[in-house]
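Let me begin by presenting the structure, written as structure tokens, before commenting on it.
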Amino acid sequence: MIKKFLPGFEAMTRYDRSWFRFDLTAGISVAAVAVPVAIAYSQLAGVPPVYGLYASILPLVAYAFLGTSRQLIIAPDAATCAVVATIVAPLAAGDPARTIPLTAALAIITGIFCIVAGIARLGFLTNFLARPILTGYLNGIALSIISGQLGRLCGFSLDPAGFFRTLIQFFSKLGQAYGLTVAVGFAVFILLRILKRLAPQVPGPLVAVVLGIAASSIFKLGDRGVALLGSISAGLPGLMIPNINLTDWGSLVLGAAGLALISFNSGMVTARGFAVKNRYETDSNQEFIALGVADIGAGLMQGFAVSGADSRTAVNDSVGGKSQVTSLVAAALLALVLLFLTGPLALLPITVLAAVLINAALGLFDLKSLIRLRRISFQEFRLSIVATLGVITVGVLPGVAIAIGLAMLQLLIKASSPHDALLGSVPEVIIYRFDSSLIFFNSDFFKSRVRKFVREAKPRPRYFLLDCETMPLLDSTGAASLEEVVIELAEQGIVFAVAQAKGPVRNMLEKTGLKKKIGDKNFFTTLESAVAAFKAEKANGG
């Protein structure tokens, strides 16, 4: 029971003590990156900085006991925070007093969706967002984050708007940029890019925050017009069930469903990647449950929804983290920061956080995958671009919904006219393979192809052999179409036969009476035996 419901805890009962020095070092490193990132991502979610720290503690503990990945770090994530802001901002209408309970409620509802999905064994939804759509979605999120932070980087505010309108606003207000703010922000941004390229093992966000606080203290940046983060409440928050209006529930539930799917898929990409690298397996259904409990924990601590954090997971793995003890160490350190180290954070320049977010967004933008997609599948490349354009124009959830709809439409179009082939060259015998299930949306295509091959065959065929090796399923509509074909061919004096039919296909043929109509003697286990029987029948004057 413990192994089934608390796999992380069960793994800790077998913990190798020699791992602790690695997990301790990894936990310190993860916390060092998590503090500045959590504060920065709070800006994306539209809540005060301290709430990013609130959203970081319980999720780490919950996942440590419930998760199946040894390296995954559950924490605030740029893409998830952007979705949270998209859902909550219209409901809060700029009222901070409503934003916090709404984001907390959204996290709890998202968590409930995830737990229900895990119990219902819907972990297969990890494949629902195809890689091109996920790439396009993340690219759109990256562009939206960058455009939204340009104003903060330069020292002026921009009204919330779509990507293109935000860019127009930015360039129209560029004359209001404050030189010292721009200098600090761009200096930090350039430093982050240099560290990423030359010293990727160094926690860039932590370096940026420490240097920003030091510069603010030494040069009195706040007195010289550079906007600072301001005071952060010290101490741990109490657990609280958010109080929201009844009218908000509909929008939150709808948004939570989409957020659960997106955050789960995003997190599973990271979890699977590191599981493959470190040679172990993850359980997608249990991952759904673990993420759900983590989200509920974040909401109860007045935080916002979380996901698998690829940057912090990468830090954990690169430092040598062996188990989820890393998450417990990081959670303890984050709690200590809230208790004792909030004072210095008040001196942090806002432009530094903007630089951290823009740098993180550039890490989300996957140009290499786009180039590869364009080379290997132009259709999937277009889907990715549509997802990106949807996210930056109509919004995150509608944009992804449009891309998923187009992907499903493309899949149905392909499935309605699947690949087929004529096999071999035997006189008076058509050997036809249909490389798909024969079901309601491709049955007309099947009939049209059979008629075409019979009509064009030279010489006129005496036998039509259907190779069912690649036909895993036959539904009632497909069986009805197959019966039409059998009757039409019989009227033309052509014998219809079946080879290599799988169990589900044979069962449907028996239930519909079509097996009897075709005749037992016209069912064969191999193509070779069928052709041999035809030749023997022809030799005997059949």
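As shown in the structure tokens, the chain order sets the letters A, B, ...; within each chain, residues go from 1, and ligands are also counted from 1 in the order they appear.
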Residue set, range 21-217 of chain A restricted to alpha helix (DSSP H), as JSON, numbers by chain: {"A": [21, 22, 23, 24, 25, 26, 27, 28, 29, 30, 31, 32, 33, 34, 35, 36, 37, 38, 39, 40, 41, 42, 43, 44, 45, 50, 51, 52, 53, 54, 55, 56, 57, 58, 59, 60, 61, 62, 63, 64, 65, 66, 78, 79, 80, 81, 82, 83, 84, 85, 86, 87, 88, 89, 90, 91, 92, 96, 97, 98, 99, 100, 101, 102, 103, 104, 105, 106, 107, 108, 109, 110, 111, 112, 113, 114, 115, 116, 117, 118, 119, 131, 132, 133, 134, 135, 136, 137, 138, 139, 140, 141, 142, 143, 144, 145, 146, 147, 148, 149, 150, 151, 152, 153, 154, 163, 164, 165, 166, 167, 168, 169, 170, 171, 172, 179, 180, 181, 182, 183, 184, 185, 186, 187, 188, 189, 190, 191, 192, 193, 194, 195, 196, 197, 198, 204, 205, 206, 207, 208, 209, 210, 211, 212, 213, 214, 215, 216, 217]}
Neighbour list for range 389-405 of chain A as an NGL selection string, cut-off 10 Å, only C-alpha atoms, skip fewer than 2 positions in-chain: :A and (79 or 82-87 or 128-130 or 132-134 or 136-145 or 147 or 161-165 or 255 or 258-259 or 262 or 382-387 or 407-411)
So that I have them on file, write out the residues from the current selection with C-alpha atoms, as a tab-separated table (two decimals), in the first residue's frame.
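Dumped to again.tsv:
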chain	number	residue	atom	x	y	z
A	79	ALA	CA	4.66	28.69	-18.52
A	82	ALA	CA	1.67	32.75	-17.47
A	83	VAL	CA	-1.44	30.56	-17.74
A	84	VAL	CA	-2.41	31.41	-14.15
A	85	ALA	CA	-2.23	35.12	-14.94
A	86	THR	CA	-4.30	34.63	-18.10
A	87	ILE	CA	-7.08	32.93	-16.11
A	128	PHE	CA	-2.21	14.42	-25.76
A	129	LEU	CA	-0.21	17.55	-26.39
A	130	ALA	CA	1.95	16.48	-29.31
A	132	PRO	CA	5.06	20.24	-32.03
A	133	ILE	CA	2.10	21.76	-30.14
A	134	LEU	CA	4.01	21.78	-26.85
A	136	GLY	CA	4.74	26.03	-30.15
A	137	TYR	CA	2.98	26.65	-26.84
A	138	LEU	CA	6.25	27.16	-24.97
A	139	ASN	CA	7.59	29.40	-27.72
A	140	GLY	CA	4.44	31.51	-27.51
A	141	ILE	CA	4.75	31.71	-23.74
A	142	ALA	CA	8.40	32.77	-24.12
A	143	LEU	CA	7.52	35.58	-26.51
A	144	SER	CA	4.67	36.74	-24.25
A	145	ILE	CA	6.95	36.79	-21.19
A	147	SER	CA	7.23	41.36	-24.32
A	161	ALA	CA	-2.24	43.36	-23.77
A	162	GLY	CA	-1.41	40.81	-26.44
A	163	PHE	CA	2.11	40.33	-27.75
A	164	PHE	CA	1.89	42.67	-30.72
A	165	ARG	CA	0.01	45.42	-28.87
A	255	GLY	CA	-9.33	27.31	-16.60
A	258	GLY	CA	-6.75	23.38	-19.21
A	259	LEU	CA	-4.07	24.27	-16.66
A	262	ILE	CA	-0.77	21.85	-19.74
A	382	ARG	CA	2.93	24.64	-39.27
A	383	LEU	CA	1.05	23.25	-36.27
A	384	SER	CA	3.81	24.51	-33.99
A	385	ILE	CA	3.71	27.96	-35.57
A	386	VAL	CA	-0.11	28.04	-35.25
A	387	ALA	CA	0.20	27.19	-31.55
A	407	ALA	CA	-3.90	18.57	-34.88
A	408	MET	CA	-6.96	16.38	-34.30
A	409	LEU	CA	-8.44	17.49	-37.62
A	410	GLN	CA	-5.19	16.65	-39.39
A	411	LEU	CA	-5.12	13.26	-37.66
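Residues within 7 Å of Leu339 in chain A, counting only C-alpha atoms and excluding same-chain residues fewer than 5 positions away, are Ala234, Gly235 and Leu236 of chain A.
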Test item: residues at most 9 Å from range 99-115 of chain A, only C-alpha atoms, excluding those fewer than 2 positions along its chain, as a VMD selection string: chain A and resid 45 to 48 51 84 to 85 87 to 89 91 to 97 117 to 120 241 to 244 248 252 to 253 255 to 261 264 285 to 306
Generate a file of the selected residues that holds C-alpha atoms, formatted as a CSV table (one decimal), in the first residue's frame.
chain,number,residue,atom,x,y,z
A,45,ALA,CA,1.4,35.2,-12.0
A,46,GLY,CA,0.4,38.7,-11.0
A,47,VAL,CA,0.9,38.3,-7.2
A,48,PRO,CA,3.3,39.9,-4.7
A,51,TYR,CA,3.7,34.3,-2.8
A,84,VAL,CA,-2.4,31.4,-14.2
A,85,ALA,CA,-2.2,35.1,-14.9
A,87,ILE,CA,-7.1,32.9,-16.1
A,88,VAL,CA,-7.0,35.1,-13.0
A,89,ALA,CA,-6.4,38.6,-14.3
A,91,LEU,CA,-11.6,37.8,-12.8
A,92,ALA,CA,-9.6,40.0,-10.4
A,93,ALA,CA,-9.9,43.1,-12.6
A,94,GLY,CA,-6.8,44.6,-11.0
A,95,ASP,CA,-7.9,44.1,-7.4
A,96,PRO,CA,-4.9,42.6,-5.4
A,97,ALA,CA,-7.3,41.6,-2.7
A,117,ALA,CA,-7.2,12.2,-13.6
A,118,GLY,CA,-4.6,10.1,-11.8
A,119,ILE,CA,-7.1,7.9,-10.1
A,120,ALA,CA,-9.0,7.5,-13.4
A,241,ILE,CA,-8.9,27.8,2.3
A,242,PRO,CA,-9.4,30.7,-0.2
A,243,ASN,CA,-12.7,32.5,-0.1
A,244,ILE,CA,-14.0,33.4,-3.6
A,248,ASP,CA,-15.9,33.0,-10.2
A,252,LEU,CA,-11.8,28.9,-12.5
A,253,VAL,CA,-13.0,25.3,-13.2
A,255,GLY,CA,-9.3,27.3,-16.6
A,256,ALA,CA,-8.2,24.7,-14.1
A,257,ALA,CA,-9.0,21.9,-16.6
A,258,GLY,CA,-6.8,23.4,-19.2
A,259,LEU,CA,-4.1,24.3,-16.7
A,260,ALA,CA,-4.0,20.7,-15.3
A,261,LEU,CA,-3.4,19.3,-18.8
A,264,PHE,CA,1.1,17.9,-16.4
A,285,ASN,CA,-0.8,8.2,-13.4
A,286,GLN,CA,1.0,8.5,-10.0
A,287,GLU,CA,2.7,11.7,-11.4
A,288,PHE,CA,-0.8,13.1,-12.0
A,289,ILE,CA,-1.7,12.5,-8.4
A,290,ALA,CA,1.6,13.8,-7.0
A,291,LEU,CA,1.2,17.0,-9.1
A,292,GLY,CA,-2.4,17.4,-7.8
A,293,VAL,CA,-1.4,17.1,-4.2
A,294,ALA,CA,1.4,19.6,-4.8
A,295,ASP,CA,-1.0,22.1,-6.3
A,296,ILE,CA,-3.4,21.7,-3.4
A,297,GLY,CA,-0.5,22.3,-1.0
A,298,ALA,CA,0.5,25.4,-2.9
A,299,GLY,CA,-3.1,26.7,-2.8
A,300,LEU,CA,-3.5,26.1,0.9
A,301,MET,CA,-0.4,28.1,1.5
A,302,GLN,CA,-1.9,31.0,-0.6
A,303,GLY,CA,0.4,30.2,-3.5
A,304,PHE,CA,-0.3,29.4,-7.1
A,305,ALA,CA,-0.3,26.3,-9.4
A,306,VAL,CA,3.1,24.6,-10.0
Neighbour list for Tyr432 in chain A as a count of residues only, cut-off 8 Å, only C-alpha atoms, skip fewer than 4 positions in-chain: 8
Lys414 in chain A environment, 12 Å, only C-alpha atoms, sequence neighbours closer than 6 positions dropped, as a PyMOL selection string: chain A and resi 379+407-408+435-436+441-442+445
